[in-house]
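Here is target03.cif, consisting of mmCIF, C-alpha atoms:
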data_model
loop_
_atom_site.label_atom_id
_atom_site.label_comp_id
_atom_site.auth_asym_id
_atom_site.auth_seq_id
_atom_site.Cartn_x
_atom_site.Cartn_y
_atom_site.Cartn_z
CA MET A 1 94.75 -37.42 -45.63
CA ARG A 2 93.30 -34.76 -47.96
CA PHE A 3 96.53 -34.30 -49.86
CA ILE A 4 97.81 -37.85 -49.77
CA GLY A 5 94.37 -39.09 -50.82
CA THR A 6 94.65 -37.20 -54.11
CA VAL A 7 98.20 -38.51 -54.60
CA ILE A 8 96.97 -42.07 -54.05
CA GLU A 9 94.19 -41.57 -56.61
CA LYS A 10 96.72 -40.40 -59.21
CA LEU A 11 98.98 -43.38 -58.59
CA GLN A 12 96.09 -45.85 -58.78
CA ARG A 13 95.69 -44.78 -62.41
CA HIS A 14 99.42 -45.32 -63.10
CA PRO A 15 100.71 -48.05 -60.72
CA LYS A 16 104.47 -48.17 -60.15
CA ARG A 17 107.16 -50.41 -58.65
CA ILE A 18 108.76 -49.05 -55.48
CA VAL A 19 111.80 -50.70 -53.92
CA PHE A 20 112.07 -50.65 -50.12
CA PRO A 21 115.62 -51.70 -49.08
CA GLU A 22 114.59 -52.07 -45.41
CA GLY A 23 112.45 -55.16 -45.92
CA THR A 24 112.92 -56.46 -42.36
CA GLU A 25 111.62 -53.25 -40.75
CA PRO A 26 108.03 -53.70 -39.43
CA ARG A 27 106.86 -50.22 -40.49
CA VAL A 28 108.18 -50.77 -44.00
CA LEU A 29 106.47 -54.16 -44.27
CA GLN A 30 103.17 -52.61 -43.17
CA ALA A 31 103.55 -49.72 -45.61
CA ALA A 32 104.36 -52.15 -48.44
CA ARG A 33 101.21 -54.11 -47.65
CA GLN A 34 99.11 -50.94 -47.75
CA PHE A 35 100.81 -49.92 -50.99
CA TYR A 36 99.70 -53.15 -52.64
CA SER A 37 96.25 -53.21 -51.02
CA LEU A 38 95.52 -49.71 -52.34
CA ARG A 39 96.45 -50.87 -55.88
CA LEU A 40 99.35 -48.43 -56.13
CA GLY A 41 101.67 -50.93 -57.79
CA VAL A 42 104.25 -53.53 -56.77
CA PRO A 43 106.25 -53.07 -53.56
CA ILE A 44 109.70 -54.70 -53.63
CA LEU A 45 111.22 -55.61 -50.27
CA LEU A 46 114.95 -56.26 -49.98
CA GLY A 47 116.41 -58.51 -47.31
CA ASP A 48 116.62 -62.08 -46.07
CA ARG A 49 113.50 -63.97 -47.21
CA GLY A 50 113.28 -66.02 -44.05
CA GLN A 51 113.43 -62.97 -41.80
CA ILE A 52 110.83 -61.10 -43.86
CA LYS A 53 108.47 -64.09 -43.89
CA GLN A 54 108.85 -64.55 -40.15
CA LEU A 55 108.21 -60.85 -39.55
CA ALA A 56 105.13 -60.98 -41.76
CA ALA A 57 103.83 -63.98 -39.84
CA ASP A 58 104.44 -62.24 -36.50
CA LEU A 59 102.59 -59.13 -37.69
CA ASN A 60 99.89 -61.13 -39.50
CA VAL A 61 100.70 -59.30 -42.74
CA PRO A 62 99.95 -61.19 -46.00
CA LEU A 63 102.82 -61.19 -48.49
CA ASP A 64 100.80 -61.78 -51.66
CA GLY A 65 101.55 -59.11 -54.26
CA ILE A 66 104.84 -58.18 -52.54
CA ARG A 67 108.15 -59.08 -54.19
CA ILE A 68 111.03 -60.14 -51.97
CA ILE A 69 114.64 -60.06 -53.17
CA ASN A 70 117.70 -61.03 -51.16
CA PRO A 71 120.65 -59.06 -52.61
CA ALA A 72 123.07 -61.69 -51.28
CA ASP A 73 121.78 -64.42 -53.61
CA SER A 74 120.18 -62.38 -56.41
CA GLU A 75 120.71 -63.44 -60.01
CA ASP A 76 121.50 -59.78 -60.82
CA ALA A 77 124.22 -59.45 -58.18
CA GLU A 78 127.12 -60.10 -60.57
CA ASN A 79 125.86 -57.67 -63.22
CA PHE A 80 125.15 -55.00 -60.61
CA ALA A 81 128.58 -55.46 -59.03
CA HIS A 82 130.30 -55.11 -62.41
CA ARG A 83 128.42 -51.92 -63.19
CA PHE A 84 129.24 -50.48 -59.78
CA GLU A 85 132.92 -51.36 -60.21
CA VAL A 86 132.97 -49.46 -63.52
CA LEU A 87 131.30 -46.47 -61.87
CA ARG A 88 133.80 -46.38 -59.02
CA ARG A 89 136.92 -47.63 -60.80
CA SER A 90 138.49 -44.15 -60.72
CA LYS A 91 138.15 -44.29 -56.92
CA GLY A 92 140.10 -47.57 -56.79
CA MET A 93 137.11 -49.93 -56.55
CA LYS A 94 137.98 -53.62 -57.00
CA SER A 95 135.68 -56.39 -58.28
CA HIS A 96 135.43 -58.23 -54.97
CA GLU A 97 134.73 -54.97 -53.12
CA ALA A 98 131.95 -54.06 -55.55
CA TYR A 99 130.39 -57.50 -55.12
CA GLU A 100 130.34 -57.14 -51.32
CA ILE A 101 128.90 -53.62 -51.50
CA MET A 102 126.09 -54.82 -53.79
CA LYS A 103 124.94 -57.12 -50.97
CA LEU A 104 123.98 -54.00 -49.01
CA PRO A 105 120.27 -53.35 -49.57
CA ASN A 106 120.55 -49.59 -50.14
CA TYR A 107 123.20 -50.08 -52.82
CA TYR A 108 121.28 -52.94 -54.42
CA GLY A 109 118.06 -50.91 -54.35
CA ALA A 110 119.76 -47.89 -55.89
CA MET A 111 121.11 -50.11 -58.68
CA MET A 112 117.64 -51.60 -59.27
CA LEU A 113 116.33 -48.05 -59.64
CA ALA A 114 119.18 -47.10 -61.98
CA MET A 115 118.54 -50.19 -64.13
CA HIS A 116 114.79 -49.48 -64.38
CA GLN A 117 113.90 -52.58 -62.36
CA ALA A 118 112.06 -50.23 -60.00
CA ASP A 119 110.36 -46.89 -60.59
CA GLY A 120 111.14 -45.39 -57.19
CA PHE A 121 113.25 -45.92 -54.05
CA VAL A 122 112.24 -45.32 -50.41
CA SER A 123 114.60 -45.93 -47.48
CA GLY A 124 115.82 -44.42 -44.20
CA THR A 125 113.50 -45.70 -41.45
CA SER A 126 116.31 -47.38 -39.52
CA GLN A 127 119.47 -45.69 -40.86
CA ILE A 128 121.14 -42.30 -40.87
CA SER A 129 120.74 -40.19 -43.99
CA GLY A 130 124.31 -40.81 -45.14
CA SER A 131 123.63 -44.53 -45.51
CA VAL A 132 120.73 -43.75 -47.82
CA LEU A 133 122.12 -40.79 -49.75
CA ARG A 134 125.59 -42.17 -50.43
CA PRO A 135 124.38 -45.04 -52.69
CA LEU A 136 122.01 -42.66 -54.50
CA PHE A 137 124.72 -40.11 -55.18
CA GLN A 138 127.23 -42.78 -56.25
CA ILE A 139 124.86 -44.73 -58.52
CA ILE A 140 121.94 -42.50 -59.53
CA LYS A 141 123.71 -39.12 -59.53
CA VAL A 142 122.24 -35.76 -60.55
CA ALA A 143 119.81 -35.53 -63.50
CA PRO A 144 121.36 -34.32 -66.80
CA GLN A 145 119.90 -30.81 -66.78
CA ALA A 146 120.01 -30.38 -63.01
CA ALA A 147 122.96 -29.03 -61.07
CA THR A 148 121.81 -29.57 -57.50
CA ALA A 149 120.58 -32.63 -55.59
CA ALA A 150 118.56 -31.59 -52.55
CA SER A 151 115.31 -32.54 -50.85
CA CYS A 152 111.95 -31.27 -49.73
CA GLN A 153 109.36 -32.17 -47.15
CA VAL A 154 105.63 -32.09 -47.85
CA MET A 155 103.72 -30.95 -44.79
CA GLU A 156 99.95 -31.23 -44.37
CA VAL A 157 98.58 -29.26 -41.41
CA GLU A 158 95.03 -29.24 -40.08
CA ASP A 159 94.56 -25.48 -40.54
CA THR A 160 93.68 -25.15 -44.22
CA ARG A 161 94.37 -21.41 -44.19
CA PHE A 162 98.07 -22.15 -44.48
CA GLY A 163 99.74 -23.02 -47.78
CA GLU A 164 97.53 -24.67 -50.36
CA ASN A 165 94.53 -25.95 -48.41
CA GLY A 166 96.87 -26.86 -45.55
CA VAL A 167 99.68 -28.29 -47.72
CA LEU A 168 103.17 -26.78 -47.66
CA PHE A 169 106.28 -27.81 -49.58
CA MET A 170 109.47 -27.12 -47.61
CA GLY A 171 113.00 -27.27 -48.99
CA ASP A 172 115.80 -28.08 -48.34
CA CYS A 173 115.28 -29.85 -45.02
CA GLY A 174 117.65 -32.79 -45.42
CA VAL A 175 120.69 -32.56 -47.72
CA ILE A 176 122.72 -29.34 -48.24
CA PRO A 177 123.98 -27.72 -45.00
CA ASP A 178 124.81 -24.28 -46.41
CA PRO A 179 123.62 -23.85 -50.01
CA THR A 180 125.22 -21.33 -52.36
CA VAL A 181 123.13 -18.77 -54.24
CA ASP A 182 122.96 -21.12 -57.24
CA GLN A 183 122.01 -24.10 -55.10
CA LEU A 184 119.36 -22.14 -53.20
CA ALA A 185 117.83 -21.01 -56.49
CA ASP A 186 117.85 -24.61 -57.78
CA ILE A 187 116.17 -25.81 -54.58
CA ALA A 188 113.47 -23.15 -54.99
CA VAL A 189 112.76 -24.10 -58.60
CA SER A 190 112.84 -27.87 -58.02
CA THR A 191 110.54 -27.62 -55.00
CA ALA A 192 108.16 -25.43 -57.01
CA GLN A 193 108.17 -27.98 -59.83
CA LEU A 194 107.29 -30.79 -57.44
CA SER A 195 104.48 -28.78 -55.85
CA ARG A 196 103.03 -28.04 -59.28
CA GLN A 197 103.17 -31.71 -60.27
CA MET A 198 101.54 -32.85 -57.02
CA LEU A 199 98.91 -30.14 -56.60
CA GLY A 200 98.35 -28.89 -60.15
CA ILE A 201 98.43 -25.26 -59.00
CA ARG A 202 100.69 -22.24 -59.50
CA PRO A 203 103.50 -22.38 -56.91
CA ARG A 204 103.88 -19.32 -54.68
CA VAL A 205 107.45 -19.59 -53.44
CA ALA A 206 108.78 -17.71 -50.42
CA LEU A 207 112.55 -17.67 -49.87
CA LEU A 208 112.79 -17.22 -46.11
CA SER A 209 115.04 -15.19 -43.86
CA PHE A 210 114.98 -13.36 -40.53
CA SER A 211 114.44 -10.21 -42.60
CA THR A 212 111.63 -8.97 -44.85
CA LYS A 213 112.77 -6.81 -47.76
CA GLY A 214 115.73 -5.21 -46.06
CA SER A 215 114.37 -4.91 -42.52
CA ALA A 216 117.79 -6.18 -41.37
CA THR A 217 121.28 -6.37 -42.83
CA HIS A 218 123.50 -9.43 -42.96
CA PRO A 219 125.44 -11.32 -45.66
CA SER A 220 122.97 -14.22 -45.44
CA ILE A 221 120.15 -11.87 -46.43
CA GLY A 222 121.99 -10.85 -49.57
CA LYS A 223 122.31 -14.53 -50.49
CA VAL A 224 118.55 -15.03 -50.22
CA GLN A 225 117.87 -11.89 -52.27
CA ALA A 226 120.24 -13.04 -55.01
CA ALA A 227 118.80 -16.56 -54.97
CA THR A 228 115.26 -15.18 -55.38
CA ALA A 229 116.22 -13.24 -58.50
CA LEU A 230 118.10 -16.21 -59.92
CA ALA A 231 115.20 -18.59 -59.19
CA GLN A 232 112.84 -16.34 -61.14
CA GLN A 233 115.27 -16.38 -64.04
CA LYS A 234 115.71 -20.16 -63.97
CA ALA A 235 111.94 -20.73 -63.75
CA GLN A 236 111.38 -18.58 -66.84
CA GLN A 237 114.07 -20.50 -68.74
CA GLN A 238 112.32 -23.77 -67.83
CA ASN A 239 108.85 -22.41 -68.68
CA LEU A 240 107.73 -22.95 -65.09
CA GLU A 241 104.82 -20.71 -64.19
CA ALA A 242 105.46 -19.76 -60.58
CA ASP A 243 105.79 -16.70 -58.36
CA PHE A 244 108.91 -16.13 -56.24
CA ASP A 245 109.50 -13.57 -53.51
CA GLY A 246 112.22 -13.03 -50.94
CA GLU A 247 113.69 -12.34 -48.60
CA LEU A 248 110.61 -12.90 -46.40
CA GLN A 249 110.10 -13.66 -42.74
CA VAL A 250 107.95 -16.73 -42.29
CA ASP A 251 105.01 -14.82 -40.81
CA ALA A 252 104.99 -12.45 -43.78
CA ALA A 253 105.06 -15.47 -46.08
CA LEU A 254 102.14 -17.29 -44.46
CA ILE A 255 99.79 -14.84 -42.71
CA PRO A 256 97.73 -12.49 -44.92
CA GLU A 257 97.14 -9.88 -42.19
CA ILE A 258 100.87 -9.47 -41.64
CA ALA A 259 101.65 -9.57 -45.36
CA VAL A 260 99.19 -6.73 -46.04
CA ARG A 261 101.10 -4.49 -43.61
CA LYS A 262 104.57 -5.46 -44.83
CA LEU A 263 104.17 -6.29 -48.55
CA PRO A 264 100.74 -5.33 -49.90
CA GLU A 265 101.80 -5.73 -53.54
CA SER A 266 103.39 -9.20 -53.25
CA LYS A 267 101.82 -12.16 -55.06
CA VAL A 268 103.48 -14.54 -52.60
CA ALA A 269 103.39 -12.88 -49.18
CA GLY A 270 100.57 -14.17 -47.00
CA HIS A 271 99.77 -16.98 -49.42
CA ALA A 272 103.00 -18.96 -49.87
CA ASN A 273 102.59 -22.68 -50.53
CA VAL A 274 106.33 -23.35 -50.97
CA LEU A 275 108.83 -22.37 -48.27
CA ILE A 276 112.55 -22.30 -49.05
CA PHE A 277 114.91 -22.17 -46.08
CA PRO A 278 118.29 -20.40 -46.25
CA ASP A 279 120.20 -23.36 -44.78
CA LEU A 280 119.79 -26.86 -43.42
CA ASN A 281 119.75 -25.75 -39.79
CA SER A 282 116.62 -23.65 -40.26
CA GLY A 283 114.95 -26.13 -42.63
CA ASN A 284 115.45 -29.21 -40.49
CA ILE A 285 114.50 -27.44 -37.24
CA ALA A 286 111.42 -25.77 -38.69
CA SER A 287 110.08 -28.90 -40.40
CA LYS A 288 110.40 -30.97 -37.23
CA LEU A 289 108.79 -28.24 -35.12
CA VAL A 290 105.82 -28.01 -37.47
CA ARG A 291 105.48 -31.77 -37.68
CA HIS A 292 105.47 -32.47 -33.96
CA ILE A 293 103.90 -29.37 -32.44
CA SER A 294 101.04 -29.15 -34.94
CA ARG A 295 100.80 -32.94 -35.35
CA ALA A 296 101.05 -32.48 -39.10
CA ASN A 297 101.30 -35.27 -41.63
CA ALA A 298 104.89 -35.05 -42.88
CA TYR A 299 106.11 -36.74 -46.06
CA GLY A 300 109.80 -36.62 -46.87
CA GLN A 301 112.54 -36.19 -47.53
CA ILE A 302 111.61 -36.31 -51.23
CA MET A 303 114.80 -36.08 -53.26
CA LEU A 304 115.10 -33.29 -55.82
CA GLY A 305 117.39 -33.13 -58.84
CA LEU A 306 118.31 -36.83 -59.00
CA ASP A 307 118.27 -38.86 -62.21
CA ARG A 308 115.58 -41.16 -60.75
CA PRO A 309 112.83 -40.64 -58.12
CA ALA A 310 113.85 -41.46 -54.54
CA ALA A 311 113.21 -40.51 -50.92
CA ASP A 312 115.09 -40.62 -47.63
CA VAL A 313 112.46 -40.96 -44.91
CA SER A 314 112.91 -40.02 -41.27
CA ARG A 315 113.74 -42.66 -38.69
CA GLY A 316 110.69 -41.40 -36.80
CA SER A 317 108.34 -42.18 -39.70
CA SER A 318 105.22 -44.26 -39.19
CA ALA A 319 103.92 -46.82 -41.66
CA HIS A 320 101.43 -44.17 -42.84
CA ASP A 321 104.26 -41.68 -43.44
CA ILE A 322 106.24 -44.27 -45.44
CA LEU A 323 103.18 -45.11 -47.53
CA GLY A 324 102.63 -41.43 -48.26
CA VAL A 325 106.25 -40.92 -49.30
CA ALA A 326 106.11 -44.01 -51.54
CA ALA A 327 102.95 -42.67 -53.19
CA ILE A 328 104.58 -39.28 -53.83
CA VAL A 329 107.68 -40.93 -55.30
CA GLY A 330 105.43 -43.10 -57.47
CA VAL A 331 103.56 -40.06 -58.82
CA GLN A 332 106.89 -38.30 -59.40
CA SER A 333 107.94 -41.19 -61.63
CA ILE A 334 104.86 -40.92 -63.87
CA ASN A 335 106.19 -37.87 -65.72
CA TYR A 336 109.69 -37.60 -64.30
CA ASN A 337 111.06 -36.41 -67.63
CA LEU A 338 108.87 -33.32 -67.39
CA LEU A 339 110.53 -32.46 -64.09
CA TYR A 340 114.04 -33.30 -65.30
CA PRO A 341 114.41 -33.62 -69.11
CA GLY A 342 116.75 -36.45 -70.06
CA ALA A 343 116.47 -38.15 -66.68
CA GLY A 344 116.54 -41.95 -66.69
CA GLU A 345 118.19 -42.31 -70.09
CA ARG A 346 121.64 -43.40 -68.94
CA LEU A 347 122.48 -46.70 -67.30
CA PRO A 348 125.24 -47.07 -64.72
CA GLY A 349 128.56 -48.37 -65.96
CA GLU A 350 127.87 -47.59 -69.62
#
Mind converting the file's structure to structure tokens?
Amino acid sequence: MRFIGTVIEKLQRHPKRIVFPEGTEPRVLQAARQFYSLRLGVPILLGDRGQIKQLAADLNVPLDGIRIINPADSEDAENFAHRFEVLRRSKGMKSHEAYEIMKLPNYYGAMMLAMHQADGFVSGTSQISGSVLRPLFQIIKVAPQAATAASCQVMEVEDTRFGENGVLFMGDCGVIPDPTVDQLADIAVSTAQLSRQMLGIRPRVALLSFSTKGSATHPSIGKVQAATALAQQKAQQQNLEADFDGELQVDAALIPEIAVRKLPESKVAGHANVLIFPDLNSGNIASKLVRHISRANAYGQIMLGLDRPAADVSRGSSAHDILGVAAIVGVQSINYNLLYPGAGERLPGE
């Protein structure tokens, strides 16, 4: 709770509206209640009002301060459907199809976010990632000056010697299966930007591999080396003060004693607080291993590079995890334009 406690304090000073499309999920309802009780802003639950009220009664969860919207009978349904039809007209979308799709909570929630009726979007507790990401990519899309939409996981472990007082930012653990050099560099920079916004410190970014500075040879190692150089270049262009190093094995990135033997001159080795994985296999496996074996607090997946703040949470998330993700997304939205200049200026279908 060290890390998420500071995030909560920031959001209490700038409360936000977070839409939760899975309003009939018990963990989401409990997280929404905590969100309101902690004075973080207004939680918006999507779903059938009767079902949500019955669930709240069964769980003894008060609904005061929580907005409930049923997409099926919303007064905005027609406008949202029209805007979605315009967005997807080139794909053959028809009016009646758009109207039916807007009844789906993830699509309706994404449109609320796009229309500035919510400041952030959190979903995924009971659905596969595709059901969450597809509406975001179709409606929200990539931010104007970003080229890559990816994700990162924020991990808080008990041993404060790792990362930044026990906090590690890991990317990409949820979206791009096999990133190109450009995409890997974008992931590194975006994850560094998020870590700087959340922690207020200089990111120390390790681009990971099974090799440390040429200790092995393989085409994948060359990709990580090229991505490291490109990430440094992109960070300088964006005036992001951060240190990047790669390719590094994970022990060289995290453990000072090993880093001293392998890379004594590195500013990152042994002290990395941002870990960038070479592909989705390694990122997803590593993040789940850390989470479950070390019993870490895991918050993610936080979306990177989108035009609005959003998150796709794991189906294994607890109410506490969902609350933490919602708080991070809320803090993201406070100065989202600093992360992605020009983000949030365009409306869908215009």
**OP:** Please write as a VMD selection string the full residue list that the PyMOL selection byres ((chain A and resi 230) around 10) yields on this file.
**Re:** chain A and resid 181 to 182 184 to 186 188 to 189 224 to 229 231 to 236 244
Original post:
Do you know which residues the PyMOL selection byres ((chain A and resi 53-68) around 7) returns on this file, as a VMD selection string?
Top reply: chain A and resid 36 42 to 46 49 to 52 69 to 70
**OP:** Write out as an MDAnalysis selection string the residues lying within 12 Å of Pro264 of chain A, counting all atoms listed in the file and excluding same-chain residues fewer than 6 positions away.
**Re:** chainID A and resid 252:253 255:258 270:271
**OP:** For the file shown, report as number ranges by chain the outcome of the PyMOL selection byres ((chain A and resi 122) around 7) at residue level.
**Re:** A: 19-20, 120-121, 123, 310-312, 326
Within 12 Å of (116.5, -31.3, -45.3) (file coordinates; all atoms listed in the file), which protein or nucleic acid residues are there? I'd like them as a PDB file with C-alpha atoms, in the frame of the given file.
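After the write, point-v6.pdb holds the following:
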ATOM      1  CA  SER A 129     120.740 -40.190 -43.990  1.00  0.00           C
ATOM      2  CA  LEU A 133     122.120 -40.790 -49.750  1.00  0.00           C
ATOM      3  CA  ALA A 149     120.580 -32.630 -55.590  1.00  0.00           C
ATOM      4  CA  ALA A 150     118.560 -31.590 -52.550  1.00  0.00           C
ATOM      5  CA  SER A 151     115.310 -32.540 -50.850  1.00  0.00           C
ATOM      6  CA  CYS A 152     111.950 -31.270 -49.730  1.00  0.00           C
ATOM      7  CA  GLN A 153     109.360 -32.170 -47.150  1.00  0.00           C
ATOM      8  CA  VAL A 154     105.630 -32.090 -47.850  1.00  0.00           C
ATOM      9  CA  PHE A 169     106.280 -27.810 -49.580  1.00  0.00           C
ATOM     10  CA  MET A 170     109.470 -27.120 -47.610  1.00  0.00           C
ATOM     11  CA  GLY A 171     113.000 -27.270 -48.990  1.00  0.00           C
ATOM     12  CA  ASP A 172     115.800 -28.080 -48.340  1.00  0.00           C
ATOM     13  CA  CYS A 173     115.280 -29.850 -45.020  1.00  0.00           C
ATOM     14  CA  GLY A 174     117.650 -32.790 -45.420  1.00  0.00           C
ATOM     15  CA  VAL A 175     120.690 -32.560 -47.720  1.00  0.00           C
ATOM     16  CA  ILE A 176     122.720 -29.340 -48.240  1.00  0.00           C
ATOM     17  CA  PRO A 177     123.980 -27.720 -45.000  1.00  0.00           C
ATOM     18  CA  ASP A 178     124.810 -24.280 -46.410  1.00  0.00           C
ATOM     19  CA  PRO A 179     123.620 -23.850 -50.010  1.00  0.00           C
ATOM     20  CA  ILE A 187     116.170 -25.810 -54.580  1.00  0.00           C
ATOM     21  CA  THR A 191     110.540 -27.620 -55.000  1.00  0.00           C
ATOM     22  CA  ILE A 276     112.550 -22.300 -49.050  1.00  0.00           C
ATOM     23  CA  PHE A 277     114.910 -22.170 -46.080  1.00  0.00           C
ATOM     24  CA  PRO A 278     118.290 -20.400 -46.250  1.00  0.00           C
ATOM     25  CA  ASP A 279     120.200 -23.360 -44.780  1.00  0.00           C
ATOM     26  CA  LEU A 280     119.790 -26.860 -43.420  1.00  0.00           C
ATOM     27  CA  ASN A 281     119.750 -25.750 -39.790  1.00  0.00           C
ATOM     28  CA  SER A 282     116.620 -23.650 -40.260  1.00  0.00           C
ATOM     29  CA  GLY A 283     114.950 -26.130 -42.630  1.00  0.00           C
ATOM     30  CA  ASN A 284     115.450 -29.210 -40.490  1.00  0.00           C
ATOM     31  CA  ILE A 285     114.500 -27.440 -37.240  1.00  0.00           C
ATOM     32  CA  ALA A 286     111.420 -25.770 -38.690  1.00  0.00           C
ATOM     33  CA  SER A 287     110.080 -28.900 -40.400  1.00  0.00           C
ATOM     34  CA  LYS A 288     110.400 -30.970 -37.230  1.00  0.00           C
ATOM     35  CA  TYR A 299     106.110 -36.740 -46.060  1.00  0.00           C
ATOM     36  CA  GLY A 300     109.800 -36.620 -46.870  1.00  0.00           C
ATOM     37  CA  GLN A 301     112.540 -36.190 -47.530  1.00  0.00           C
ATOM     38  CA  ILE A 302     111.610 -36.310 -51.230  1.00  0.00           C
ATOM     39  CA  MET A 303     114.800 -36.080 -53.260  1.00  0.00           C
ATOM     40  CA  LEU A 304     115.100 -33.290 -55.820  1.00  0.00           C
ATOM     41  CA  ALA A 311     113.210 -40.510 -50.920  1.00  0.00           C
ATOM     42  CA  ASP A 312     115.090 -40.620 -47.630  1.00  0.00           C
ATOM     43  CA  VAL A 313     112.460 -40.960 -44.910  1.00  0.00           C
ATOM     44  CA  SER A 314     112.910 -40.020 -41.270  1.00  0.00           C
TER      45      SER A 314
END
